[in-house]
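Participant: Pasting upload_22.cif here (mmCIF, C-alpha atoms):
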```
data_target
#
loop_
_atom_site.label_atom_id
_atom_site.label_comp_id
_atom_site.auth_asym_id
_atom_site.auth_seq_id
_atom_site.Cartn_x
_atom_site.Cartn_y
_atom_site.Cartn_z
CA MET A 1 0.00 0.00 0.00
CA SER A 2 2.22 2.82 -1.24
CA LEU A 3 1.45 6.45 -0.54
CA PRO A 4 1.00 9.02 -3.32
CA PRO A 5 3.90 11.52 -3.59
CA GLU A 6 2.13 14.34 -1.77
CA ARG A 7 1.60 12.16 1.32
CA ASP A 8 4.76 10.07 1.05
CA ALA A 9 6.82 12.75 2.77
CA GLN A 10 4.53 12.86 5.78
CA ALA A 11 6.01 10.48 8.33
CA ASP A 12 3.02 10.81 10.65
CA CYS A 13 0.56 9.12 8.31
CA VAL A 14 -1.41 6.53 10.30
CA HIS A 15 -2.57 3.50 8.32
CA ILE A 16 -5.89 2.22 9.67
CA LEU A 17 -6.47 -1.49 9.05
CA MET A 18 -10.20 -2.17 9.16
CA ALA A 19 -11.76 -5.63 8.91
CA VAL A 20 -15.17 -5.54 7.23
CA PHE A 21 -17.90 -8.17 7.03
CA ASN A 22 -21.59 -7.32 6.56
CA GLY A 23 -21.17 -4.02 8.38
CA ALA A 24 -23.35 -1.79 6.22
CA GLU A 25 -25.52 -0.66 9.11
CA THR A 26 -22.68 0.81 11.18
CA LEU A 27 -19.86 1.34 8.69
CA PRO A 28 -20.85 4.89 7.65
CA ALA A 29 -20.62 6.17 11.24
CA GLN A 30 -17.16 4.66 11.64
CA LEU A 31 -15.93 6.19 8.40
CA ASP A 32 -17.39 9.54 9.47
CA SER A 33 -15.42 9.30 12.72
CA PHE A 34 -12.19 8.88 10.75
CA GLU A 35 -12.98 12.07 8.88
CA ALA A 36 -13.54 13.88 12.20
CA GLN A 37 -10.09 13.03 13.59
CA THR A 38 -8.00 15.97 14.77
CA HIS A 39 -4.99 14.14 13.32
CA GLU A 40 -5.84 14.46 9.66
CA ASN A 41 -3.00 12.44 8.14
CA TRP A 42 -4.44 8.94 7.87
CA ARG A 43 -5.51 6.40 5.29
CA VAL A 44 -7.60 3.25 5.47
CA LEU A 45 -6.96 -0.27 4.28
CA ALA A 46 -10.35 -2.01 4.33
CA SER A 47 -10.43 -5.77 3.89
CA ASP A 48 -13.91 -6.97 2.96
CA ASP A 49 -14.33 -10.61 4.00
CA GLY A 50 -17.07 -11.50 1.52
CA SER A 51 -19.90 -9.21 2.63
CA SER A 52 -23.34 -9.94 1.22
CA ASP A 53 -24.82 -6.58 2.24
CA ASP A 54 -24.01 -3.05 1.04
CA SER A 55 -20.61 -2.81 2.79
CA ARG A 56 -18.57 -2.96 -0.41
CA ASN A 57 -20.64 -0.19 -2.02
CA ILE A 58 -20.24 2.01 1.08
CA LEU A 59 -16.47 1.58 0.90
CA ALA A 60 -16.47 2.26 -2.83
CA SER A 61 -18.49 5.46 -2.33
CA PHE A 62 -16.04 6.61 0.33
CA ARG A 63 -13.17 5.97 -2.08
CA LYS A 64 -14.98 7.83 -4.86
CA ARG A 65 -15.43 10.87 -2.58
CA HIS A 66 -11.93 10.90 -1.15
CA GLY A 67 -9.76 9.18 -3.74
CA SER A 68 -7.20 6.40 -3.54
CA SER A 69 -4.97 8.46 -1.25
CA ARG A 70 -7.48 7.90 1.57
CA ILE A 71 -8.61 4.28 1.20
CA ASP A 72 -7.62 1.01 -0.38
CA ILE A 73 -10.11 -1.88 -0.54
CA ILE A 74 -9.00 -5.50 -0.77
CA ASP A 75 -10.66 -8.90 -0.58
CA GLY A 76 -10.34 -10.72 2.72
CA PRO A 77 -9.41 -14.40 3.06
CA ARG A 78 -12.92 -15.35 4.28
CA GLN A 79 -11.55 -17.26 7.26
CA GLY A 80 -12.80 -15.07 10.10
CA ALA A 81 -11.78 -11.81 11.71
CA ALA A 82 -8.38 -12.90 13.08
CA GLU A 83 -7.22 -14.13 9.68
CA ASN A 84 -8.64 -11.01 8.05
CA PHE A 85 -6.44 -8.78 10.22
CA LEU A 86 -3.42 -11.03 9.64
CA GLY A 87 -4.16 -10.89 5.92
CA MET A 88 -4.03 -7.10 5.98
CA LEU A 89 -0.70 -7.15 7.81
CA ARG A 90 0.70 -9.57 5.22
CA HIS A 91 -0.68 -7.39 2.42
CA VAL A 92 1.05 -4.34 3.87
CA ALA A 93 4.29 -6.29 4.38
CA ASP A 94 4.31 -7.20 0.68
CA GLN A 95 4.26 -3.56 -0.45
CA SER A 96 7.39 -1.75 -1.53
CA ARG A 97 7.25 0.65 1.39
CA ALA A 98 5.81 -0.18 4.80
CA PRO A 99 3.81 2.39 6.80
CA GLN A 100 5.33 4.06 9.82
CA TRP A 101 2.26 3.88 12.06
CA ILE A 102 -0.55 1.31 12.07
CA ALA A 103 -3.91 1.45 13.85
CA PHE A 104 -6.55 -1.28 13.93
CA SER A 105 -10.26 -0.69 13.55
CA ASP A 106 -13.52 -2.58 13.79
CA GLN A 107 -16.31 -1.69 11.40
CA ASP A 108 -18.96 -0.84 13.98
CA ASP A 109 -17.36 1.56 16.46
CA VAL A 110 -17.22 5.34 16.52
CA TRP A 111 -13.82 6.86 17.20
CA LEU A 112 -13.64 9.96 19.38
CA SER A 113 -12.07 12.85 17.53
CA ASP A 114 -8.79 12.86 19.46
CA LYS A 115 -8.19 9.09 19.35
CA ILE A 116 -5.26 9.14 16.92
CA THR A 117 -3.79 12.31 18.41
CA ARG A 118 -3.75 10.82 21.92
CA ALA A 119 -2.15 7.63 20.66
CA LEU A 120 0.62 9.39 18.74
CA THR A 121 1.35 11.73 21.62
CA ALA A 122 1.74 8.80 23.99
CA LEU A 123 3.83 6.72 21.58
CA LYS A 124 6.16 9.57 20.65
CA GLY A 125 7.04 9.89 24.34
CA GLN A 126 8.65 6.44 24.20
CA ASP A 127 12.04 5.29 22.95
CA GLN A 128 11.51 5.23 19.18
CA ALA A 129 14.03 2.43 18.73
CA ALA A 130 11.89 0.03 20.77
CA PRO A 131 8.51 -1.44 19.78
CA ALA A 132 5.55 0.16 21.53
CA LEU A 133 1.81 -0.52 21.45
CA TYR A 134 -0.85 1.96 22.53
CA CYS A 135 -4.31 0.84 23.64
CA SER A 136 -7.02 2.38 25.78
CA ARG A 137 -10.28 1.98 27.61
CA THR A 138 -13.50 2.44 25.66
CA TRP A 139 -17.02 3.69 26.15
CA VAL A 140 -19.11 0.52 26.00
CA THR A 141 -22.40 1.30 24.32
CA CYS A 142 -25.39 -0.26 22.59
CA ASP A 143 -26.38 -0.50 18.93
CA THR A 144 -27.90 2.97 18.93
CA LEU A 145 -25.10 4.63 20.96
CA GLU A 146 -27.69 5.86 23.47
CA THR A 147 -26.05 4.43 26.58
CA ARG A 148 -22.43 4.30 27.63
CA ARG A 149 -20.27 3.01 30.44
CA LEU A 150 -16.52 2.81 30.84
CA SER A 151 -14.78 -0.46 30.10
CA ALA A 152 -12.88 -2.04 32.98
CA PRO A 153 -9.73 -0.30 34.23
CA ARG A 154 -6.40 -2.14 34.17
CA HIS A 155 -4.99 -2.03 37.69
CA ARG A 156 -1.82 -4.01 37.00
CA ALA A 157 0.92 -3.08 34.56
CA PRO A 158 0.98 -4.61 31.07
CA ASP A 159 3.61 -7.36 30.97
CA PHE A 160 4.40 -10.65 29.25
CA ARG A 161 3.50 -12.45 32.50
CA ASN A 162 0.00 -11.05 32.09
CA ALA A 163 -0.14 -11.41 28.30
CA LEU A 164 0.42 -15.17 28.43
CA VAL A 165 -2.86 -15.66 30.30
CA GLN A 166 -4.97 -12.57 29.52
CA ASN A 167 -5.48 -9.97 26.84
CA ILE A 168 -5.88 -6.36 27.99
CA ALA A 169 -5.25 -4.68 24.63
CA ALA A 170 -8.60 -3.98 22.95
CA GLY A 171 -7.88 -4.42 19.26
CA ASN A 172 -10.12 -1.56 18.17
CA THR A 173 -7.95 0.86 20.20
CA ILE A 174 -4.47 -0.39 19.22
CA VAL A 175 -1.89 1.83 17.51
CA LEU A 176 1.69 0.67 16.81
CA ASN A 177 4.82 2.81 16.63
CA PRO A 178 7.29 2.34 13.71
CA ALA A 179 9.49 -0.14 15.58
CA ALA A 180 6.44 -2.21 16.49
CA VAL A 181 5.18 -2.04 12.90
CA LYS A 182 8.48 -3.48 11.67
CA LEU A 183 8.35 -6.26 14.27
CA VAL A 184 4.71 -7.13 13.59
CA LEU A 185 4.94 -7.12 9.78
CA ASP A 186 7.84 -9.56 9.90
CA ALA A 187 6.06 -11.75 12.47
CA ALA A 188 2.82 -11.81 10.45
CA GLN A 189 4.66 -13.49 7.58
CA ARG A 190 5.97 -16.23 9.88
CA VAL A 191 2.97 -16.97 12.07
CA GLY A 192 0.18 -19.41 11.27
CA ARG A 193 -3.08 -19.13 13.20
CA VAL A 194 -3.79 -16.71 16.03
CA VAL A 195 -6.76 -16.73 18.40
CA VAL A 196 -7.39 -13.01 17.97
CA HIS A 197 -5.03 -10.43 16.51
CA ASP A 198 -5.00 -8.14 19.54
CA TRP A 199 -4.02 -10.82 22.05
CA TRP A 200 -1.24 -11.95 19.69
CA LEU A 201 -0.01 -8.36 19.39
CA TYR A 202 0.00 -7.93 23.18
CA GLN A 203 1.99 -11.14 23.61
CA LEU A 204 4.41 -10.38 20.78
CA ILE A 205 5.21 -6.80 21.80
CA THR A 206 5.70 -7.59 25.49
CA GLY A 207 7.52 -10.82 24.67
CA ALA A 208 10.00 -8.90 22.54
CA GLY A 209 10.68 -6.52 25.41
CA GLY A 210 8.55 -3.72 24.01
CA THR A 211 6.28 -1.28 25.79
CA VAL A 212 2.49 -1.39 26.09
CA ILE A 213 0.75 1.85 27.02
CA HIS A 214 -2.77 1.44 28.35
CA ASP A 215 -4.54 4.81 28.35
CA ASP A 216 -7.17 5.20 31.05
CA THR A 217 -9.00 7.73 28.88
CA PRO A 218 -11.44 6.07 26.45
CA GLY A 219 -10.81 6.54 22.74
CA LEU A 220 -14.00 5.31 21.12
CA LEU A 221 -17.60 4.17 21.43
CA TYR A 222 -17.57 0.37 21.42
CA ARG A 223 -20.89 -1.06 20.23
CA GLN A 224 -22.08 -4.25 21.89
CA HIS A 225 -24.52 -6.36 19.88
CA GLY A 226 -25.18 -9.92 18.81
CA ALA A 227 -22.58 -9.85 16.03
CA ASN A 228 -19.63 -8.99 18.28
CA GLN A 229 -16.85 -11.54 17.80
CA ILE A 230 -15.51 -11.15 21.37
CA GLY A 231 -17.14 -8.27 23.23
CA VAL A 232 -16.25 -6.90 26.63
CA ASN A 233 -15.85 -9.22 29.60
CA ASP A 234 -16.90 -7.03 32.53
CA THR A 235 -20.40 -8.29 33.41
CA TRP A 236 -21.40 -11.29 35.52
CA ARG A 237 -23.05 -12.88 32.50
CA ALA A 238 -19.90 -12.48 30.41
CA ARG A 239 -17.73 -13.82 33.21
CA GLY A 240 -20.01 -16.81 33.57
CA HIS A 241 -19.69 -17.48 29.86
CA ARG A 242 -15.89 -17.32 30.13
CA LEU A 243 -15.99 -19.77 33.04
CA VAL A 244 -17.97 -22.20 30.89
CA GLN A 245 -15.39 -21.77 28.13
CA LEU A 246 -12.64 -22.54 30.65
CA LEU A 247 -14.36 -25.71 31.84
CA ARG A 248 -14.97 -26.85 28.26
CA GLY A 249 -11.25 -26.61 27.53
CA GLU A 250 -11.45 -23.62 25.19
CA PHE A 251 -8.87 -21.67 27.19
CA ARG A 252 -6.46 -24.60 26.89
CA ALA A 253 -7.07 -24.71 23.12
CA TRP A 254 -6.42 -20.97 22.86
CA ASN A 255 -3.16 -21.39 24.75
CA HIS A 256 -2.01 -24.05 22.29
CA VAL A 257 -2.62 -21.65 19.39
CA ASN A 258 -0.92 -18.75 21.20
CA ILE A 259 2.12 -20.85 22.10
CA ALA A 260 2.54 -22.03 18.51
CA ALA A 261 2.28 -18.43 17.26
CA LEU A 262 4.93 -17.21 19.71
CA ARG A 263 7.23 -20.12 18.93
CA ALA A 264 7.06 -19.16 15.25
CA THR A 265 8.83 -15.91 16.15
CA ALA A 266 10.78 -17.11 19.19
CA HIS A 267 13.94 -15.46 17.87
CA VAL A 268 12.54 -12.00 18.67
CA LEU A 269 11.52 -12.83 22.23
CA HIS A 270 13.61 -11.70 25.19
CA PRO A 271 15.52 -14.77 26.50
CA ASP A 272 13.69 -14.66 29.85
CA HIS A 273 10.34 -14.54 28.07
CA ARG A 274 11.31 -17.32 25.69
CA ALA A 275 12.16 -19.48 28.70
CA ALA A 276 8.88 -18.54 30.40
CA LEU A 277 6.97 -19.47 27.25
CA GLU A 278 8.49 -22.95 27.21
CA THR A 279 7.81 -23.48 30.90
CA PHE A 280 4.20 -22.40 30.36
CA ALA A 281 3.88 -24.67 27.34
CA HIS A 282 4.79 -27.74 29.42
CA LEU A 283 2.94 -26.72 32.57
CA SER A 284 -0.08 -29.00 32.21
CA SER A 285 2.08 -32.11 31.69
CA GLN A 286 3.69 -31.79 35.12
CA PRO A 287 2.52 -33.43 38.38
CA LEU A 288 0.30 -31.25 40.56
CA LEU A 289 2.91 -30.01 43.04
CA ARG A 290 5.34 -29.32 40.23
CA ARG A 291 2.65 -27.38 38.33
CA LEU A 292 1.98 -25.19 41.33
CA SER A 293 5.68 -24.64 41.93
CA LEU A 294 6.26 -23.63 38.32
CA LEU A 295 3.23 -21.33 38.31
CA ARG A 296 4.62 -19.57 41.35
CA GLN A 297 8.01 -19.23 39.67
CA LEU A 298 6.46 -17.85 36.48
CA ARG A 299 4.56 -15.18 38.46
CA LEU A 300 1.76 -15.12 35.90
CA TYR A 301 -1.17 -12.88 36.74
CA ARG A 302 -4.48 -11.60 35.53
CA GLN A 303 -5.76 -8.09 36.22
CA THR A 304 -7.96 -8.97 39.21
CA VAL A 305 -7.49 -11.14 42.27
CA GLY A 306 -10.45 -13.25 41.18
CA GLY A 307 -8.98 -13.70 37.73
CA THR A 308 -5.63 -14.80 39.14
CA LEU A 309 -7.36 -17.27 41.49
CA THR A 310 -9.21 -18.67 38.47
CA LEU A 311 -5.85 -19.11 36.77
CA TRP A 312 -4.59 -21.17 39.72
CA PHE A 313 -7.80 -23.22 39.60
CA ALA A 314 -7.21 -23.85 35.90
CA VAL A 315 -3.66 -24.99 36.54
CA VAL A 316 -4.74 -27.38 39.31
CA PHE A 317 -7.31 -29.04 37.03
CA ARG A 318 -5.14 -28.92 33.88
CA LEU A 319 -7.42 -26.48 32.09
CA VAL A 320 -4.55 -24.38 30.70
#
```
Let me see the structure of the file written as structure tokens.
Facilitator:
Amino acid sequence: MSLPPERDAQADCVHILMAVFNGAETLPAQLDSFEAQTHENWRVLASDDGSSDDSRNILASFRKRHGSSRIDIIDGPRQGAAENFLGMLRHVADQSRAPQWIAFSDQDDVWLSDKITRALTALKGQDQAAPALYCSRTWVTCDTLETRRLSAPRHRAPDFRNALVQNIAAGNTIVLNPAAVKLVLDAAQRVGRVVVHDWWLYQLITGAGGTVIHDDTPGLLYRQHGANQIGVNDTWRARGHRLVQLLRGEFRAWNHVNIAALRATAHVLHPDHRAALETFAHLSSQPLLRRLSLLRQLRLYRQTVGGTLTLWFAVVFRLV
């Protein structure tokens, strides 16, 4: 995805990767929110995953209004949202010139006007030679945007010890700095499956010794509806559903996918994190007392006391 000459010189261009599938009802509001950004130097890569509604026409109309310098539209792999995002990263990696900054977007949110500006300000305050990922809280809302509540705060610092067992980086809020973009584009060409792109990014960036900035100020309106692939996990009903998933072995299956993805790029991981990954990978095969001893040594944690206790429960009953 190469930039036209007039934009090529602008190093602060943020490339927004947006996965699209049957999003005609909400897509116009999201595109409008891009246009309302206080940081005006952005362009969209939209990957349509085989929509049967009017999504493709909406994207084409946006391109007709704004030109190819604002949006590119490609066909998705039709293998689900995670593979759609990976497909966009691989598409970008194949271009002659990679973008400096990458943001990720869902099709049904509404970005607040200062979302990109806040992300760039935070990321530019970091060491530019090291990979850094920005994410934030969101305003959780309904289909019609009439209600809103803040997503859960993150009381404990982002870290690989957390990333192995929990994702705190909401994909629709993520922005990567240039060093992280370089790391991620290379990794996307090596990795196979991922559970979800945002969890993989959180694990990869922290595993490589990079920085994750979690902004306590919300950056967007996050619609919750029946078509959400993941959704927020801060209600008793949602937590109950996650407990059922744990008991059914889904968490263990996710871990197997995550471990394989990280092993595919093990060469970029910090040696301590690479060792922790291997210990975690073999945890469930150990006798009970050894499992508990290794879990204590690994110092893995989730963001709440209850979540960490659930992790210990999962280790005891070999559900990880």
Participant: Could you list, as an MDAnalysis selection string, every residue matched by the PyMOL selection byres ((chain A and resi 141-158) around 9) in this structure?
Facilitator: chainID A and resid 26 108 137:140 159:163 168:169 202 206 211:214 216 218 221:225 232:234 301:304
Participant: Written as an MDAnalysis selection string, which residues does the PyMOL selection byres ((chain A and resi 56-66) around 9) give for the file shown?
Facilitator: chainID A and resid 20 22 24 27:28 31 46 48 50:55 67:73
Participant: My list of candidates is A:Leu17, A:Ser284, A:Leu298, A:Asp109. Which is closest to Asp272 in chain A when distances are computed with only C-alpha atoms?
Facilitator: A:Leu298
Participant: Quick one: pull the distance between CA of Ser113 in chain A and CA of Asp12 in chain A, Å, one decimal.
Facilitator: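 So the answer is 16.7 Å.
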Participant: Measuring between all atoms listed in the file, which one of A:Arg78, A:Lys182, A:Arg190, A:Arg290 shows the shortest distance to Gln128 in chain A?
Facilitator: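 Between A:Arg78, A:Lys182, A:Arg190, A:Arg290, the residue approaching Gln128 in chain A most closely is A:Lys182.
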Participant: Pull out every residue that the PyMOL selection byres ((chain A and resi 184) around 10) matches in the shown coordinates and put them as a list in words.
Facilitator: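 Output from the PyMOL selection byres ((chain A and resi 184) around 10), applied to this file: Leu86, Leu89, Arg90, Ala93, Pro131, Leu176, Pro178, Ala179, Ala180, Val181, Lys182, Leu183, Leu185, Asp186, Ala187, Ala188, Gln189, Arg190, Trp200, Leu201, Leu204 and Ile205 of chain A.
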Participant: Print the selection's residues with C-alpha atoms to a file, as a PDB file, in the coordinates of the input.
Facilitator:
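Contents of the output file again-v6.pdb:
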```
ATOM      1  CA  LEU A  86      -3.420 -11.030   9.640  1.00  0.00           C
ATOM      2  CA  LEU A  89      -0.700  -7.150   7.810  1.00  0.00           C
ATOM      3  CA  ARG A  90       0.700  -9.570   5.220  1.00  0.00           C
ATOM      4  CA  ALA A  93       4.290  -6.290   4.380  1.00  0.00           C
ATOM      5  CA  PRO A 131       8.510  -1.440  19.780  1.00  0.00           C
ATOM      6  CA  LEU A 176       1.690   0.670  16.810  1.00  0.00           C
ATOM      7  CA  PRO A 178       7.290   2.340  13.710  1.00  0.00           C
ATOM      8  CA  ALA A 179       9.490  -0.140  15.580  1.00  0.00           C
ATOM      9  CA  ALA A 180       6.440  -2.210  16.490  1.00  0.00           C
ATOM     10  CA  VAL A 181       5.180  -2.040  12.900  1.00  0.00           C
ATOM     11  CA  LYS A 182       8.480  -3.480  11.670  1.00  0.00           C
ATOM     12  CA  LEU A 183       8.350  -6.260  14.270  1.00  0.00           C
ATOM     13  CA  LEU A 185       4.940  -7.120   9.780  1.00  0.00           C
ATOM     14  CA  ASP A 186       7.840  -9.560   9.900  1.00  0.00           C
ATOM     15  CA  ALA A 187       6.060 -11.750  12.470  1.00  0.00           C
ATOM     16  CA  ALA A 188       2.820 -11.810  10.450  1.00  0.00           C
ATOM     17  CA  GLN A 189       4.660 -13.490   7.580  1.00  0.00           C
ATOM     18  CA  ARG A 190       5.970 -16.230   9.880  1.00  0.00           C
ATOM     19  CA  TRP A 200      -1.240 -11.950  19.690  1.00  0.00           C
ATOM     20  CA  LEU A 201      -0.010  -8.360  19.390  1.00  0.00           C
ATOM     21  CA  LEU A 204       4.410 -10.380  20.780  1.00  0.00           C
ATOM     22  CA  ILE A 205       5.210  -6.800  21.800  1.00  0.00           C
TER      23      ILE A 205
END
```
Participant: Measure the distance from CA of Cys135 in chain A to CA of Asp215 in chain A in Å and round it to one decimal.
Facilitator: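 Pair CA of Cys135 in chain A / CA of Asp215 in chain A returns 6.2 Å.
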Participant: Report, as JSON, the axis-aligned box around all atoms of range 266-283 of chain A present in the file, extended by 4 Å on each side; give centre and edge lengths in Å to one decimal place.
Facilitator:
```
{"center_x": 9.2, "center_y": -19.7, "center_z": 25.2, "size_x": 20.6, "size_y": 24.0, "size_z": 22.7}
```
Participant: Calculated over only C-alpha atoms, which of the candidates A:Ser47, A:Gln100, A:Ser33, A:Asn84 has the smallest distance to Asp114 in chain A?
Facilitator: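 Of all the options, A:Ser33 lies closest to Asp114 in chain A.
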Participant: Between CA of Phe251 in chain A and CA of Asp49 in chain A, what is the spacing in Å?
Facilitator: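 Result for CA of Asp49 in chain A versus CA of Phe251 in chain A: 26.3 Å, one decimal.
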Participant: Measuring between only C-alpha atoms, which one of A:Leu309, A:Met18, A:Ala82, A:Ala275 shows the shortest distance to Asp106 in chain A?
Facilitator: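 Closest candidate: A:Met18.
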Participant: Can you list, as number ranges by chain, every protein, DNA or RNA residue that comes within 10 Å of Asn255 in chain A when you count all atoms listed in the file, leaving out same-chain residues fewer than 2 positions away?
Facilitator: A: 164-165, 194-195, 250-253, 257-261, 280-281, 319-320
Participant: For each of A:Val305, A:Leu300, A:Leu123, A:Ala81, take the minimum atom-to-atom distance to Leu277 in chain A, counting only C-alpha atoms, then give the residue where this is smallest.
Facilitator: A:Leu300
Participant: With distances taken over all atoms listed in the file, which of A:Lys124, A:Lys115, A:His91, A:Arg318 is nearest to His282 in chain A?
Facilitator: A:Arg318
Participant: Could you write range 82-90 of chain A as a PDB file, in the coordinates of the input, with all heavy atoms rebuilt where they are missing?
Facilitator:
```pdb
ATOM      1  N   ALA A  82      -9.815 -12.840  12.758  1.00  0.00           N
ATOM      2  CA  ALA A  82      -8.380 -12.900  13.080  1.00  0.00           C
ATOM      3  C   ALA A  82      -7.543 -13.039  11.817  1.00  0.00           C
ATOM      4  O   ALA A  82      -6.537 -12.340  11.635  1.00  0.00           O
ATOM      5  CB  ALA A  82      -8.109 -14.063  14.038  1.00  0.00           C
ATOM      6  N   GLU A  83      -7.973 -13.935  10.926  1.00  0.00           N
ATOM      7  CA  GLU A  83      -7.220 -14.130   9.680  1.00  0.00           C
ATOM      8  C   GLU A  83      -7.355 -12.931   8.758  1.00  0.00           C
ATOM      9  O   GLU A  83      -6.439 -12.619   7.989  1.00  0.00           O
ATOM     10  CB  GLU A  83      -7.697 -15.399   8.977  1.00  0.00           C
ATOM     11  CG  GLU A  83      -6.838 -15.812   7.802  1.00  0.00           C
ATOM     12  CD  GLU A  83      -5.389 -16.105   8.181  1.00  0.00           C
ATOM     13  OE1 GLU A  83      -5.132 -16.562   9.314  1.00  0.00           O
ATOM     14  OE2 GLU A  83      -4.499 -15.864   7.330  1.00  0.00           O
ATOM     15  N   ASN A  84      -8.470 -12.222   8.853  1.00  0.00           N
ATOM     16  CA  ASN A  84      -8.640 -11.010   8.050  1.00  0.00           C
ATOM     17  C   ASN A  84      -7.628  -9.952   8.450  1.00  0.00           C
ATOM     18  O   ASN A  84      -6.998  -9.311   7.601  1.00  0.00           O
ATOM     19  CB  ASN A  84     -10.070 -10.483   8.192  1.00  0.00           C
ATOM     20  CG  ASN A  84     -10.471  -9.552   7.048  1.00  0.00           C
ATOM     21  OD1 ASN A  84      -9.717  -9.322   6.112  1.00  0.00           O
ATOM     22  ND2 ASN A  84     -11.675  -9.012   7.132  1.00  0.00           N
ATOM     23  N   PHE A  85      -7.438  -9.752   9.759  1.00  0.00           N
ATOM     24  CA  PHE A  85      -6.440  -8.780  10.220  1.00  0.00           C
ATOM     25  C   PHE A  85      -5.029  -9.233   9.855  1.00  0.00           C
ATOM     26  O   PHE A  85      -4.194  -8.430   9.414  1.00  0.00           O
ATOM     27  CB  PHE A  85      -6.560  -8.554  11.726  1.00  0.00           C
ATOM     28  CG  PHE A  85      -7.644  -7.587  12.110  1.00  0.00           C
ATOM     29  CD1 PHE A  85      -8.791  -8.018  12.754  1.00  0.00           C
ATOM     30  CD2 PHE A  85      -7.520  -6.233  11.831  1.00  0.00           C
ATOM     31  CE1 PHE A  85      -9.795  -7.135  13.105  1.00  0.00           C
ATOM     32  CE2 PHE A  85      -8.515  -5.332  12.176  1.00  0.00           C
ATOM     33  CZ  PHE A  85      -9.656  -5.781  12.826  1.00  0.00           C
ATOM     34  N   LEU A  86      -4.732 -10.525  10.029  1.00  0.00           N
ATOM     35  CA  LEU A  86      -3.420 -11.030   9.640  1.00  0.00           C
ATOM     36  C   LEU A  86      -3.207 -10.847   8.131  1.00  0.00           C
ATOM     37  O   LEU A  86      -2.098 -10.507   7.681  1.00  0.00           O
ATOM     38  CB  LEU A  86      -3.280 -12.501   9.997  1.00  0.00           C
ATOM     39  CG  LEU A  86      -2.913 -12.845  11.439  1.00  0.00           C
ATOM     40  CD1 LEU A  86      -2.793 -14.358  11.589  1.00  0.00           C
ATOM     41  CD2 LEU A  86      -1.625 -12.170  11.871  1.00  0.00           C
ATOM     42  N   GLY A  87      -4.266 -11.072   7.361  1.00  0.00           N
ATOM     43  CA  GLY A  87      -4.160 -10.890   5.920  1.00  0.00           C
ATOM     44  C   GLY A  87      -3.804  -9.463   5.550  1.00  0.00           C
ATOM     45  O   GLY A  87      -3.006  -9.231   4.621  1.00  0.00           O
ATOM     46  N   MET A  88      -4.374  -8.490   6.254  1.00  0.00           N
ATOM     47  CA  MET A  88      -4.030  -7.100   5.980  1.00  0.00           C
ATOM     48  C   MET A  88      -2.573  -6.812   6.323  1.00  0.00           C
ATOM     49  O   MET A  88      -1.867  -6.109   5.592  1.00  0.00           O
ATOM     50  CB  MET A  88      -4.970  -6.167   6.749  1.00  0.00           C
ATOM     51  CG  MET A  88      -6.333  -6.028   6.114  1.00  0.00           C
ATOM     52  SD  MET A  88      -7.375  -4.768   6.900  1.00  0.00           S
ATOM     53  CE  MET A  88      -7.984  -5.677   8.325  1.00  0.00           C
ATOM     54  N   LEU A  89      -2.104  -7.354   7.445  1.00  0.00           N
ATOM     55  CA  LEU A  89      -0.700  -7.150   7.810  1.00  0.00           C
ATOM     56  C   LEU A  89       0.216  -7.756   6.751  1.00  0.00           C
ATOM     57  O   LEU A  89       1.240  -7.162   6.371  1.00  0.00           O
ATOM     58  CB  LEU A  89      -0.421  -7.773   9.178  1.00  0.00           C
ATOM     59  CG  LEU A  89      -1.036  -7.040  10.374  1.00  0.00           C
ATOM     60  CD1 LEU A  89      -0.909  -7.880  11.639  1.00  0.00           C
ATOM     61  CD2 LEU A  89      -0.369  -5.676  10.580  1.00  0.00           C
ATOM     62  N   ARG A  90      -0.123  -8.935   6.263  1.00  0.00           N
ATOM     63  CA  ARG A  90       0.700  -9.570   5.220  1.00  0.00           C
ATOM     64  C   ARG A  90       0.630  -8.777   3.921  1.00  0.00           C
ATOM     65  O   ARG A  90       1.635  -8.660   3.196  1.00  0.00           O
ATOM     66  CB  ARG A  90       0.224 -11.007   5.008  1.00  0.00           C
ATOM     67  CG  ARG A  90       0.530 -11.917   6.193  1.00  0.00           C
ATOM     68  CD  ARG A  90      -0.237 -13.214   6.138  1.00  0.00           C
ATOM     69  NE  ARG A  90       0.028 -14.059   7.309  1.00  0.00           N
ATOM     70  CZ  ARG A  90      -0.833 -14.916   7.824  1.00  0.00           C
ATOM     71  NH1 ARG A  90      -2.039 -15.052   7.275  1.00  0.00           N
ATOM     72  NH2 ARG A  90      -0.521 -15.625   8.901  1.00  0.00           N
TER      73      ARG A  90
END
```
